[in-house]
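Notes follow the structure.
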Amino acid sequence: MDFRKIEGIFLIVFIALDIFLFFSFRSNLTQVGSRTTSTTTTPTSFVREMQEDNISVNKLSTKRGSGYYLASQPNAALQQNYNRLTDQTVSLDSAQMTLISKLNDPFRVTTKNRNSVFRDWLKTSGNVLFADQYEYVPEVSDTTRAVYAQKVDGQLLMDSHGQLVFQIRNGWVTGYTQTYIDRLLKLQEMDQTKSAQEAVMLLYTYSEIPSNSRILWEKLAYGWLLDAKGSTIYIPVWYVGIENRNTKVVTIKRVNAFTGAVLKSNTNDATSSTTSSP
């Protein structure tokens, strides 16, 4: 019997259990940056009250999804494979586990052809490591950067630990930064998430949506929750883009898709807290 292998399996199980118990304790003690989720607002009154406050929103989905509590640990996948890249100058930030690339031959993109140009470029071997594991996120991209998020468990990971960001200067793509999550551990059984309608209702109930604004988009993705014992914990999060009609500034709000808690912004988000509306 391979006792070393058995010992390794038990070690992984105990680490996962330790992370989960730690998270459960933290969750029961306090929800950092959140508020209570109980509300008596009904969908009908919610729409009427938003209209009275001059807040516009398209029809919101009532469909609920599902997801997990996930955990990741630091990995060296980018450091171990960067020599496969071609036609670019690469440096590595070991502290942030980030690959920084400067292209030898920048290429041009426009607003209209951006998707197709990037799609073809990413398909070329030697341009980007693990390129097929990232997906374009137009909601948080603009004229100066194109943001791609890593796909995990069938959903995007809106987190700085798993993103690919291209720098664009005057229409020319000059380089990119990349982070990558090698493996994710599921900490519990699948659970149901709240719908887009419920997420927006909660934001409005807790005065997170100002008057004279409009809701541009809602996106369900995995997002950062906390760091515990060398691991990072992720949960399904509703990201909601809200535009101020006067300033055209877009603020991105976050809602815990399991509990409905309104989450504060944090430095681990792949999204920025405010962006300019195109």
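In the structure tokens, chains take letters A, B, ... by order of appearance, with residues numbered from 1 within each chain and ligands from 1 in the order shown.
Residues in contact with Leu78 of chain A at 7 Å, where only C-alpha atoms are counted and same-chain residues fewer than 3 positions away are skipped, are listed as Asn81, Tyr82 and Leu99 of chain A.
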So that I can check the surroundings of Val240 of chain A, please list as a PDB file with N, CA, C and O atoms, in the first residue's frame every protein, DNA and RNA residue that reaches within 6 Å of it, counting only C-alpha atoms and ignoring chain neighbours fewer than 5 positions away.
```
ATOM      1  N   TRP A 217     -25.809  46.849 -16.943  1.00  0.00           N
ATOM      2  CA  TRP A 217     -25.629  45.406 -17.097  1.00  0.00           C
ATOM      3  C   TRP A 217     -25.556  44.728 -15.733  1.00  0.00           C
ATOM      4  O   TRP A 217     -25.298  45.367 -14.725  1.00  0.00           O
ATOM      5  N   GLU A 218     -25.825  43.423 -15.745  1.00  0.00           N
ATOM      6  CA  GLU A 218     -25.659  42.574 -14.564  1.00  0.00           C
ATOM      7  C   GLU A 218     -24.903  41.323 -15.021  1.00  0.00           C
ATOM      8  O   GLU A 218     -25.204  40.780 -16.076  1.00  0.00           O
ATOM      9  N   ILE A 252     -19.416  50.042 -10.386  1.00  0.00           N
ATOM     10  CA  ILE A 252     -19.706  48.611 -10.361  1.00  0.00           C
ATOM     11  C   ILE A 252     -19.953  48.172  -8.920  1.00  0.00           C
ATOM     12  O   ILE A 252     -19.087  48.318  -8.061  1.00  0.00           O
ATOM     13  N   LYS A 253     -21.143  47.650  -8.666  1.00  0.00           N
ATOM     14  CA  LYS A 253     -21.519  47.154  -7.350  1.00  0.00           C
ATOM     15  C   LYS A 253     -21.451  45.636  -7.332  1.00  0.00           C
ATOM     16  O   LYS A 253     -21.647  44.985  -8.358  1.00  0.00           O
TER      17      LYS A 253
END
```
Mind the document's chain letters and residue numbers, and return as a PyMOL selection string the residues of segment 153-224 of chain A that DSSP labels strand (DSSP E or B).
chain A and resi 155-157+159+163-169+172-178+184-186+191-192+213-224
Smallest atom-to-atom distance to Leu157 of chain A: which of A:Leu70, A:Leu187, A:Val262, A:Ala76, using only C-alpha atoms?
A:Leu70
Quick one: distance from atom CA of Val128 of chain A to atom CA of Ile233 of chain A in Å, one decimal?
26.1 Å
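Proximity to segment 57-65 of chain A at 6 Å, evaluated using only C-alpha atoms and with sequence-adjacent residues fewer than 3 positions away removed, yields Gln192, Thr193, Lys194, Ser195, Ala196, Gln197, Arg214 and Ile215 of chain A.
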Kindly save the residues from that selection, with N, CA, C and O atoms included, as a PDB file, in the first residue's frame.
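Result written to selection_33.pdb:
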```pdb
ATOM      1  N   GLN A 192     -27.576  27.077  -4.540  1.00  0.00           N
ATOM      2  CA  GLN A 192     -28.337  27.942  -5.442  1.00  0.00           C
ATOM      3  C   GLN A 192     -27.937  29.403  -5.246  1.00  0.00           C
ATOM      4  O   GLN A 192     -27.646  29.838  -4.132  1.00  0.00           O
ATOM      5  N   THR A 193     -27.920  30.149  -6.342  1.00  0.00           N
ATOM      6  CA  THR A 193     -27.611  31.574  -6.279  1.00  0.00           C
ATOM      7  C   THR A 193     -28.875  32.402  -6.482  1.00  0.00           C
ATOM      8  O   THR A 193     -29.886  31.910  -6.993  1.00  0.00           O
ATOM      9  N   LYS A 194     -28.792  33.655  -6.102  1.00  0.00           N
ATOM     10  CA  LYS A 194     -29.900  34.568  -6.306  1.00  0.00           C
ATOM     11  C   LYS A 194     -29.953  34.995  -7.764  1.00  0.00           C
ATOM     12  O   LYS A 194     -28.979  34.860  -8.509  1.00  0.00           O
ATOM     13  N   SER A 195     -31.096  35.505  -8.185  1.00  0.00           N
ATOM     14  CA  SER A 195     -31.281  35.936  -9.569  1.00  0.00           C
ATOM     15  C   SER A 195     -30.784  37.364  -9.750  1.00  0.00           C
ATOM     16  O   SER A 195     -30.525  38.085  -8.770  1.00  0.00           O
ATOM     17  N   ALA A 196     -30.693  37.794 -10.999  1.00  0.00           N
ATOM     18  CA  ALA A 196     -30.299  39.174 -11.297  1.00  0.00           C
ATOM     19  C   ALA A 196     -31.307  40.152 -10.710  1.00  0.00           C
ATOM     20  O   ALA A 196     -30.939  41.205 -10.174  1.00  0.00           O
ATOM     21  N   GLN A 197     -32.583  39.814 -10.800  1.00  0.00           N
ATOM     22  CA  GLN A 197     -33.619  40.685 -10.246  1.00  0.00           C
ATOM     23  C   GLN A 197     -33.453  40.858  -8.741  1.00  0.00           C
ATOM     24  O   GLN A 197     -33.537  41.964  -8.204  1.00  0.00           O
ATOM     25  N   ARG A 214     -28.923  54.799 -14.433  1.00  0.00           N
ATOM     26  CA  ARG A 214     -29.458  53.650 -15.178  1.00  0.00           C
ATOM     27  C   ARG A 214     -28.552  52.445 -15.006  1.00  0.00           C
ATOM     28  O   ARG A 214     -27.331  52.586 -14.898  1.00  0.00           O
ATOM     29  N   ILE A 215     -29.175  51.290 -14.958  1.00  0.00           N
ATOM     30  CA  ILE A 215     -28.431  50.043 -14.796  1.00  0.00           C
ATOM     31  C   ILE A 215     -28.071  49.523 -16.180  1.00  0.00           C
ATOM     32  O   ILE A 215     -28.949  49.208 -16.989  1.00  0.00           O
TER      33      ILE A 215
END
```
Surrounding residues of Met97 of chain A excluding itself and chain neighbours under 5 positions, 10 Å, only C-alpha atoms, as a PyMOL selection string:
chain A and resi 74-79+92+161+178-181
Please produce an output containing all heavy atoms for each residue in the selection, written as a compact mmCIF listing (two decimals), in the first residue's frame.
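That gives us out_2.txt:
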```
# COMPACT_ATOMS: atom_id res chain seq x y z
N PRO A 74 -1.47 29.81 -4.46
CA PRO A 74 -0.47 30.31 -5.42
C PRO A 74 0.13 29.18 -6.23
O PRO A 74 0.29 28.06 -5.74
CB PRO A 74 0.57 30.98 -4.52
CG PRO A 74 -0.18 31.35 -3.27
CD PRO A 74 -1.18 30.24 -3.08
N ASN A 75 0.46 29.46 -7.49
CA ASN A 75 1.07 28.44 -8.35
C ASN A 75 2.14 29.09 -9.22
O ASN A 75 2.21 30.31 -9.35
CB ASN A 75 0.00 27.77 -9.21
CG ASN A 75 -0.56 28.70 -10.27
OD1 ASN A 75 -0.01 28.82 -11.37
ND2 ASN A 75 -1.65 29.40 -9.94
N ALA A 76 2.95 28.25 -9.84
CA ALA A 76 4.08 28.74 -10.65
C ALA A 76 3.89 28.40 -12.12
O ALA A 76 4.87 28.30 -12.86
CB ALA A 76 5.38 28.15 -10.12
N ALA A 77 2.65 28.24 -12.57
CA ALA A 77 2.41 27.81 -13.95
C ALA A 77 2.97 28.81 -14.97
O ALA A 77 3.54 28.40 -15.99
CB ALA A 77 0.90 27.62 -14.17
N LEU A 78 2.80 30.10 -14.73
CA LEU A 78 3.32 31.10 -15.68
C LEU A 78 4.84 31.11 -15.68
O LEU A 78 5.47 31.18 -16.75
CB LEU A 78 2.77 32.49 -15.33
CG LEU A 78 1.25 32.66 -15.44
CD1 LEU A 78 0.84 34.06 -15.01
CD2 LEU A 78 0.77 32.38 -16.87
N GLN A 79 5.44 31.04 -14.50
CA GLN A 79 6.89 31.04 -14.40
C GLN A 79 7.50 29.82 -15.08
O GLN A 79 8.59 29.90 -15.65
CB GLN A 79 7.32 31.08 -12.92
CG GLN A 79 7.05 32.41 -12.24
CD GLN A 79 5.65 32.48 -11.63
OE1 GLN A 79 4.73 31.82 -12.13
NE2 GLN A 79 5.48 33.27 -10.59
N LEU A 92 8.67 38.76 -15.10
CA LEU A 92 7.81 38.10 -14.13
C LEU A 92 7.87 38.83 -12.79
O LEU A 92 8.95 39.13 -12.28
CB LEU A 92 8.23 36.64 -13.93
CG LEU A 92 8.10 35.74 -15.17
CD1 LEU A 92 8.84 34.43 -14.93
CD2 LEU A 92 6.64 35.47 -15.48
N HIS A 161 -6.42 37.49 -9.66
CA HIS A 161 -5.57 36.31 -9.70
C HIS A 161 -5.71 35.52 -11.00
O HIS A 161 -4.90 34.63 -11.25
CB HIS A 161 -5.89 35.38 -8.52
CG HIS A 161 -5.56 35.96 -7.19
ND1 HIS A 161 -6.45 36.70 -6.46
CD2 HIS A 161 -4.42 35.91 -6.45
CE1 HIS A 161 -5.88 37.08 -5.32
NE2 HIS A 161 -4.65 36.62 -5.29
N GLN A 178 -0.70 39.21 -17.24
CA GLN A 178 -1.47 37.97 -17.09
C GLN A 178 -1.25 37.36 -15.72
O GLN A 178 -0.13 37.30 -15.21
CB GLN A 178 -1.07 36.95 -18.16
CG GLN A 178 -1.84 35.64 -18.10
CD GLN A 178 -1.38 34.63 -19.14
OE1 GLN A 178 -0.34 34.81 -19.78
NE2 GLN A 178 -2.15 33.57 -19.32
N THR A 179 -2.33 36.92 -15.10
CA THR A 179 -2.28 36.08 -13.91
C THR A 179 -3.08 34.82 -14.21
O THR A 179 -3.95 34.82 -15.09
CB THR A 179 -2.85 36.80 -12.67
OG1 THR A 179 -4.16 37.29 -12.98
CG2 THR A 179 -1.96 37.96 -12.24
N TYR A 180 -2.81 33.77 -13.47
CA TYR A 180 -3.42 32.48 -13.82
C TYR A 180 -3.62 31.62 -12.58
O TYR A 180 -2.73 31.52 -11.72
CB TYR A 180 -2.51 31.75 -14.82
CG TYR A 180 -2.99 30.39 -15.23
CD1 TYR A 180 -4.07 30.24 -16.11
CD2 TYR A 180 -2.37 29.23 -14.75
CE1 TYR A 180 -4.52 28.98 -16.50
CE2 TYR A 180 -2.81 27.98 -15.14
CZ TYR A 180 -3.88 27.86 -16.01
OH TYR A 180 -4.31 26.62 -16.39
N ILE A 181 -4.79 31.02 -12.47
CA ILE A 181 -5.09 30.07 -11.40
C ILE A 181 -5.00 28.66 -11.97
O ILE A 181 -5.71 28.32 -12.92
CB ILE A 181 -6.48 30.34 -10.80
CG1 ILE A 181 -6.48 31.69 -10.09
CG2 ILE A 181 -6.86 29.23 -9.82
CD1 ILE A 181 -7.82 32.09 -9.53
```
Select from segment 74-121 of chain A everything DSSP, run on the backbone, classes as alpha helix (DSSP H), then give the selection as a PDB file with all heavy atoms, in the first residue's frame.
```
ATOM      1  N   ALA A  77       2.651  28.239 -12.568  1.00  0.00           N
ATOM      2  CA  ALA A  77       2.406  27.813 -13.950  1.00  0.00           C
ATOM      3  C   ALA A  77       2.965  28.807 -14.972  1.00  0.00           C
ATOM      4  O   ALA A  77       3.539  28.397 -15.987  1.00  0.00           O
ATOM      5  CB  ALA A  77       0.904  27.625 -14.168  1.00  0.00           C
ATOM      6  N   LEU A  78       2.802  30.103 -14.733  1.00  0.00           N
ATOM      7  CA  LEU A  78       3.315  31.100 -15.680  1.00  0.00           C
ATOM      8  C   LEU A  78       4.841  31.112 -15.680  1.00  0.00           C
ATOM      9  O   LEU A  78       5.468  31.181 -16.749  1.00  0.00           O
ATOM     10  CB  LEU A  78       2.769  32.486 -15.331  1.00  0.00           C
ATOM     11  CG  LEU A  78       1.251  32.660 -15.441  1.00  0.00           C
ATOM     12  CD1 LEU A  78       0.843  34.060 -15.010  1.00  0.00           C
ATOM     13  CD2 LEU A  78       0.772  32.379 -16.867  1.00  0.00           C
ATOM     14  N   GLN A  79       5.437  31.045 -14.500  1.00  0.00           N
ATOM     15  CA  GLN A  79       6.889  31.043 -14.402  1.00  0.00           C
ATOM     16  C   GLN A  79       7.503  29.822 -15.079  1.00  0.00           C
ATOM     17  O   GLN A  79       8.590  29.900 -15.653  1.00  0.00           O
ATOM     18  CB  GLN A  79       7.320  31.080 -12.924  1.00  0.00           C
ATOM     19  CG  GLN A  79       7.047  32.410 -12.240  1.00  0.00           C
ATOM     20  CD  GLN A  79       5.652  32.477 -11.633  1.00  0.00           C
ATOM     21  OE1 GLN A  79       4.729  31.816 -12.127  1.00  0.00           O
ATOM     22  NE2 GLN A  79       5.481  33.268 -10.586  1.00  0.00           N
ATOM     23  N   GLN A  80       6.805  28.706 -15.029  1.00  0.00           N
ATOM     24  CA  GLN A  80       7.337  27.459 -15.583  1.00  0.00           C
ATOM     25  C   GLN A  80       7.152  27.348 -17.094  1.00  0.00           C
ATOM     26  O   GLN A  80       7.798  26.509 -17.729  1.00  0.00           O
ATOM     27  CB  GLN A  80       6.662  26.274 -14.889  1.00  0.00           C
ATOM     28  CG  GLN A  80       7.022  26.134 -13.421  1.00  0.00           C
ATOM     29  CD  GLN A  80       6.165  25.105 -12.700  1.00  0.00           C
ATOM     30  OE1 GLN A  80       5.190  24.593 -13.251  1.00  0.00           O
ATOM     31  NE2 GLN A  80       6.532  24.796 -11.458  1.00  0.00           N
ATOM     32  N   ASN A  81       6.287  28.189 -17.659  1.00  0.00           N
ATOM     33  CA  ASN A  81       5.973  28.044 -19.089  1.00  0.00           C
ATOM     34  C   ASN A  81       6.234  29.282 -19.934  1.00  0.00           C
ATOM     35  O   ASN A  81       5.996  29.252 -21.143  1.00  0.00           O
ATOM     36  CB  ASN A  81       4.488  27.665 -19.242  1.00  0.00           C
ATOM     37  CG  ASN A  81       4.160  26.283 -18.718  1.00  0.00           C
ATOM     38  OD1 ASN A  81       4.391  25.279 -19.390  1.00  0.00           O
ATOM     39  ND2 ASN A  81       3.626  26.224 -17.508  1.00  0.00           N
ATOM     40  N   ARG A 114     -12.304  44.722 -32.776  1.00  0.00           N
ATOM     41  CA  ARG A 114     -11.536  44.294 -31.599  1.00  0.00           C
ATOM     42  C   ARG A 114     -11.731  42.807 -31.291  1.00  0.00           C
ATOM     43  O   ARG A 114     -10.756  42.074 -31.101  1.00  0.00           O
ATOM     44  CB  ARG A 114     -11.920  45.133 -30.388  1.00  0.00           C
ATOM     45  CG  ARG A 114     -11.302  44.635 -29.102  1.00  0.00           C
ATOM     46  CD  ARG A 114     -11.750  45.428 -27.888  1.00  0.00           C
ATOM     47  NE  ARG A 114     -11.161  46.739 -27.848  1.00  0.00           N
ATOM     48  CZ  ARG A 114     -11.098  47.484 -26.748  1.00  0.00           C
ATOM     49  NH1 ARG A 114     -11.606  47.034 -25.621  1.00  0.00           N
ATOM     50  NH2 ARG A 114     -10.540  48.667 -26.766  1.00  0.00           N
ATOM     51  N   ASN A 115     -12.964  42.357 -31.224  1.00  0.00           N
ATOM     52  CA  ASN A 115     -13.240  40.966 -30.846  1.00  0.00           C
ATOM     53  C   ASN A 115     -12.576  39.976 -31.801  1.00  0.00           C
ATOM     54  O   ASN A 115     -11.926  39.018 -31.376  1.00  0.00           O
ATOM     55  CB  ASN A 115     -14.744  40.711 -30.795  1.00  0.00           C
ATOM     56  CG  ASN A 115     -15.403  41.373 -29.596  1.00  0.00           C
ATOM     57  OD1 ASN A 115     -14.722  41.859 -28.699  1.00  0.00           O
ATOM     58  ND2 ASN A 115     -16.714  41.407 -29.586  1.00  0.00           N
ATOM     59  N   SER A 116     -12.769  40.191 -33.094  1.00  0.00           N
ATOM     60  CA  SER A 116     -12.236  39.242 -34.068  1.00  0.00           C
ATOM     61  C   SER A 116     -10.716  39.271 -34.123  1.00  0.00           C
ATOM     62  O   SER A 116     -10.064  38.220 -34.249  1.00  0.00           O
ATOM     63  CB  SER A 116     -12.813  39.538 -35.464  1.00  0.00           C
ATOM     64  OG  SER A 116     -12.485  40.855 -35.876  1.00  0.00           O
ATOM     65  N   VAL A 117     -10.119  40.460 -33.998  1.00  0.00           N
ATOM     66  CA  VAL A 117      -8.657  40.563 -34.045  1.00  0.00           C
ATOM     67  C   VAL A 117      -8.030  39.858 -32.843  1.00  0.00           C
ATOM     68  O   VAL A 117      -7.079  39.071 -32.977  1.00  0.00           O
ATOM     69  CB  VAL A 117      -8.220  42.038 -34.094  1.00  0.00           C
ATOM     70  CG1 VAL A 117      -6.704  42.146 -33.904  1.00  0.00           C
ATOM     71  CG2 VAL A 117      -8.615  42.665 -35.418  1.00  0.00           C
ATOM     72  N   PHE A 118      -8.549  40.115 -31.664  1.00  0.00           N
ATOM     73  CA  PHE A 118      -8.021  39.461 -30.466  1.00  0.00           C
ATOM     74  C   PHE A 118      -8.246  37.951 -30.516  1.00  0.00           C
ATOM     75  O   PHE A 118      -7.375  37.170 -30.116  1.00  0.00           O
ATOM     76  CB  PHE A 118      -8.676  40.035 -29.210  1.00  0.00           C
ATOM     77  CG  PHE A 118      -7.982  41.258 -28.669  1.00  0.00           C
ATOM     78  CD1 PHE A 118      -8.654  42.456 -28.570  1.00  0.00           C
ATOM     79  CD2 PHE A 118      -6.661  41.197 -28.260  1.00  0.00           C
ATOM     80  CE1 PHE A 118      -8.025  43.585 -28.067  1.00  0.00           C
ATOM     81  CE2 PHE A 118      -6.015  42.314 -27.755  1.00  0.00           C
ATOM     82  CZ  PHE A 118      -6.701  43.517 -27.661  1.00  0.00           C
ATOM     83  N   ARG A 119      -9.417  37.538 -31.001  1.00  0.00           N
ATOM     84  CA  ARG A 119      -9.722  36.109 -31.064  1.00  0.00           C
ATOM     85  C   ARG A 119      -8.706  35.376 -31.937  1.00  0.00           C
ATOM     86  O   ARG A 119      -8.187  34.315 -31.559  1.00  0.00           O
ATOM     87  CB  ARG A 119     -11.141  35.906 -31.587  1.00  0.00           C
ATOM     88  CG  ARG A 119     -11.579  34.449 -31.597  1.00  0.00           C
ATOM     89  CD  ARG A 119     -13.066  34.309 -31.871  1.00  0.00           C
ATOM     90  NE  ARG A 119     -13.461  34.935 -33.124  1.00  0.00           N
ATOM     91  CZ  ARG A 119     -14.222  36.030 -33.211  1.00  0.00           C
ATOM     92  NH1 ARG A 119     -14.658  36.604 -32.102  1.00  0.00           N
ATOM     93  NH2 ARG A 119     -14.551  36.536 -34.381  1.00  0.00           N
ATOM     94  N   ASP A 120      -8.400  35.943 -33.104  1.00  0.00           N
ATOM     95  CA  ASP A 120      -7.433  35.310 -34.002  1.00  0.00           C
ATOM     96  C   ASP A 120      -6.023  35.341 -33.414  1.00  0.00           C
ATOM     97  O   ASP A 120      -5.271  34.366 -33.534  1.00  0.00           O
ATOM     98  CB  ASP A 120      -7.445  36.013 -35.367  1.00  0.00           C
ATOM     99  CG  ASP A 120      -8.742  35.787 -36.123  1.00  0.00           C
ATOM    100  OD1 ASP A 120      -9.460  34.818 -35.786  1.00  0.00           O
ATOM    101  OD2 ASP A 120      -9.047  36.571 -37.028  1.00  0.00           O
ATOM    102  N   TRP A 121      -5.672  36.448 -32.774  1.00  0.00           N
ATOM    103  CA  TRP A 121      -4.325  36.576 -32.213  1.00  0.00           C
ATOM    104  C   TRP A 121      -4.110  35.591 -31.072  1.00  0.00           C
ATOM    105  O   TRP A 121      -3.038  35.003 -30.935  1.00  0.00           O
ATOM    106  CB  TRP A 121      -4.125  38.017 -31.732  1.00  0.00           C
ATOM    107  CG  TRP A 121      -2.688  38.353 -31.452  1.00  0.00           C
ATOM    108  CD1 TRP A 121      -1.727  38.716 -32.358  1.00  0.00           C
ATOM    109  CD2 TRP A 121      -2.048  38.348 -30.170  1.00  0.00           C
ATOM    110  NE1 TRP A 121      -0.534  38.943 -31.717  1.00  0.00           N
ATOM    111  CE2 TRP A 121      -0.700  38.725 -30.369  1.00  0.00           C
ATOM    112  CE3 TRP A 121      -2.478  38.064 -28.883  1.00  0.00           C
ATOM    113  CZ2 TRP A 121       0.218  38.830 -29.327  1.00  0.00           C
ATOM    114  CZ3 TRP A 121      -1.571  38.169 -27.834  1.00  0.00           C
ATOM    115  CH2 TRP A 121      -0.239  38.545 -28.064  1.00  0.00           C
TER     116      TRP A 121
END
```
With distances taken over only C-alpha atoms, which residue among A:Val173, A:Leu203, A:Leu216, A:Ala228 lies nearest Asn256 of chain A?
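Going through A:Val173, A:Leu203, A:Leu216, A:Ala228 one by one, the smallest distance to Asn256 of chain A is for A:Leu203.
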Long-range neighbours of Pro138 of chain A as a VMD selection string, 10 Å cut-off, only C-alpha atoms, 2 positions minimum in chain:
chain A and resid 115 135 to 136 140 to 142 146 to 148
Go ahead and dump the residues you just picked, all heavy atoms, as a short mmCIF file (atom, residue, chain, number, x, y, z; two decimals), in the first residue's frame.
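Output contents, as saved in again.cif:
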```cif
data_model
loop_
_atom_site.label_atom_id
_atom_site.label_comp_id
_atom_site.auth_asym_id
_atom_site.auth_seq_id
_atom_site.Cartn_x
_atom_site.Cartn_y
_atom_site.Cartn_z
N ASN A 115 -12.96 42.36 -31.22
CA ASN A 115 -13.24 40.97 -30.85
C ASN A 115 -12.58 39.98 -31.80
O ASN A 115 -11.93 39.02 -31.38
CB ASN A 115 -14.74 40.71 -30.79
CG ASN A 115 -15.40 41.37 -29.60
OD1 ASN A 115 -14.72 41.86 -28.70
ND2 ASN A 115 -16.71 41.41 -29.59
N GLU A 135 -11.77 34.56 -21.34
CA GLU A 135 -12.90 35.07 -22.13
C GLU A 135 -12.99 36.58 -22.00
O GLU A 135 -12.80 37.14 -20.91
CB GLU A 135 -14.21 34.42 -21.66
CG GLU A 135 -15.42 34.79 -22.49
CD GLU A 135 -16.65 34.03 -22.06
OE1 GLU A 135 -16.58 32.77 -21.98
OE2 GLU A 135 -17.69 34.67 -21.78
N TYR A 136 -13.29 37.23 -23.11
CA TYR A 136 -13.36 38.69 -23.16
C TYR A 136 -14.51 39.20 -22.30
O TYR A 136 -15.61 38.65 -22.32
CB TYR A 136 -13.53 39.14 -24.60
CG TYR A 136 -13.59 40.63 -24.80
CD1 TYR A 136 -12.61 41.47 -24.27
CD2 TYR A 136 -14.63 41.21 -25.54
CE1 TYR A 136 -12.67 42.84 -24.47
CE2 TYR A 136 -14.69 42.58 -25.74
CZ TYR A 136 -13.70 43.38 -25.20
OH TYR A 136 -13.77 44.75 -25.39
N VAL A 140 -16.11 45.61 -18.66
CA VAL A 140 -15.08 46.30 -17.89
C VAL A 140 -13.88 46.69 -18.76
O VAL A 140 -12.83 47.09 -18.24
CB VAL A 140 -14.61 45.45 -16.69
CG1 VAL A 140 -15.75 45.22 -15.73
CG2 VAL A 140 -14.05 44.11 -17.16
N SER A 141 -14.02 46.57 -20.07
CA SER A 141 -12.98 46.99 -21.01
C SER A 141 -13.29 48.39 -21.52
O SER A 141 -14.44 48.84 -21.47
CB SER A 141 -12.89 46.01 -22.18
OG SER A 141 -12.61 44.70 -21.73
N ASP A 142 -12.27 49.08 -22.01
CA ASP A 142 -12.49 50.41 -22.58
C ASP A 142 -11.48 50.65 -23.69
O ASP A 142 -10.85 49.70 -24.18
CB ASP A 142 -12.42 51.50 -21.50
CG ASP A 142 -11.13 51.46 -20.70
OD1 ASP A 142 -10.08 51.11 -21.28
OD2 ASP A 142 -11.15 51.78 -19.50
N ALA A 146 -8.19 46.00 -22.82
CA ALA A 146 -9.14 44.92 -23.11
C ALA A 146 -8.95 43.86 -22.03
O ALA A 146 -7.85 43.32 -21.86
CB ALA A 146 -8.88 44.31 -24.49
N VAL A 147 -10.01 43.58 -21.29
CA VAL A 147 -9.92 42.68 -20.14
C VAL A 147 -10.49 41.32 -20.47
O VAL A 147 -11.62 41.20 -20.96
CB VAL A 147 -10.67 43.28 -18.92
CG1 VAL A 147 -10.59 42.33 -17.73
CG2 VAL A 147 -10.10 44.65 -18.56
N TYR A 148 -9.72 40.29 -20.19
CA TYR A 148 -10.15 38.91 -20.32
C TYR A 148 -10.12 38.27 -18.93
O TYR A 148 -9.18 38.49 -18.16
CB TYR A 148 -9.24 38.12 -21.25
CG TYR A 148 -9.48 38.39 -22.72
CD1 TYR A 148 -9.10 39.60 -23.29
CD2 TYR A 148 -10.08 37.44 -23.54
CE1 TYR A 148 -9.32 39.87 -24.63
CE2 TYR A 148 -10.29 37.69 -24.89
CZ TYR A 148 -9.92 38.90 -25.43
OH TYR A 148 -10.15 39.15 -26.76
#
```
Which residues are close to Leu103 of chain A, i.e. within 10 Å by only C-alpha atoms, leaving aside same-chain residues fewer than 5 positions away? Reply as a list in words.
Thr86, Asp87, Gln88, Thr89, Val90, Asn127, Val173, Thr174, Gly175 and Tyr176 of chain A
Export, as an mmCIF file, in the first residue's frame, the selected residues with C-alpha atoms.
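And here's part.cif as it stands now:
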```cif
data_model
loop_
_atom_site.group_PDB
_atom_site.id
_atom_site.type_symbol
_atom_site.label_atom_id
_atom_site.label_comp_id
_atom_site.auth_asym_id
_atom_site.auth_seq_id
_atom_site.Cartn_x
_atom_site.Cartn_y
_atom_site.Cartn_z
ATOM 1 C CA THR A 86 7.492 34.235 -28.828
ATOM 2 C CA ASP A 87 7.948 37.729 -30.333
ATOM 3 C CA GLN A 88 7.659 39.516 -27.002
ATOM 4 C CA THR A 89 9.762 40.636 -24.074
ATOM 5 C CA VAL A 90 8.579 38.972 -20.869
ATOM 6 C CA ASN A 127 1.262 34.540 -28.119
ATOM 7 C CA VAL A 173 -1.995 46.826 -28.615
ATOM 8 C CA THR A 174 1.442 47.177 -27.017
ATOM 9 C CA GLY A 175 1.465 44.395 -24.436
ATOM 10 C CA TYR A 176 -0.419 42.615 -21.684
#
```
Contacts of Leu225 of chain A at 8 Å or less, counting only C-alpha atoms, minus same-chain residues fewer than 4 places along, as a list in words?
Thr232, Ile233, Tyr234 and Ile235 of chain A
Which residue of A:Leu185, A:Val137, A:Met201, A:Val237 approaches Ala149 of chain A most closely, using only C-alpha atoms
A:Val137
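Between atom CA of Pro210 of chain A and atom CA of Asp53 of chain A the separation is 8.1 Å.
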Which is closer to Leu156 of chain A than all the others in A:Tyr134, A:Tyr206, A:Phe107, A:Phe46, using only C-alpha atoms?
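Ranking A:Tyr134, A:Tyr206, A:Phe107, A:Phe46 by distance to Leu156 of chain A, first place goes to A:Tyr134.
Nearest to Ala71 of chain A of all the residues A:Thr111, A:Gln188, A:Gln51, A:Thr205 is A:Gln188, counting only C-alpha atoms.
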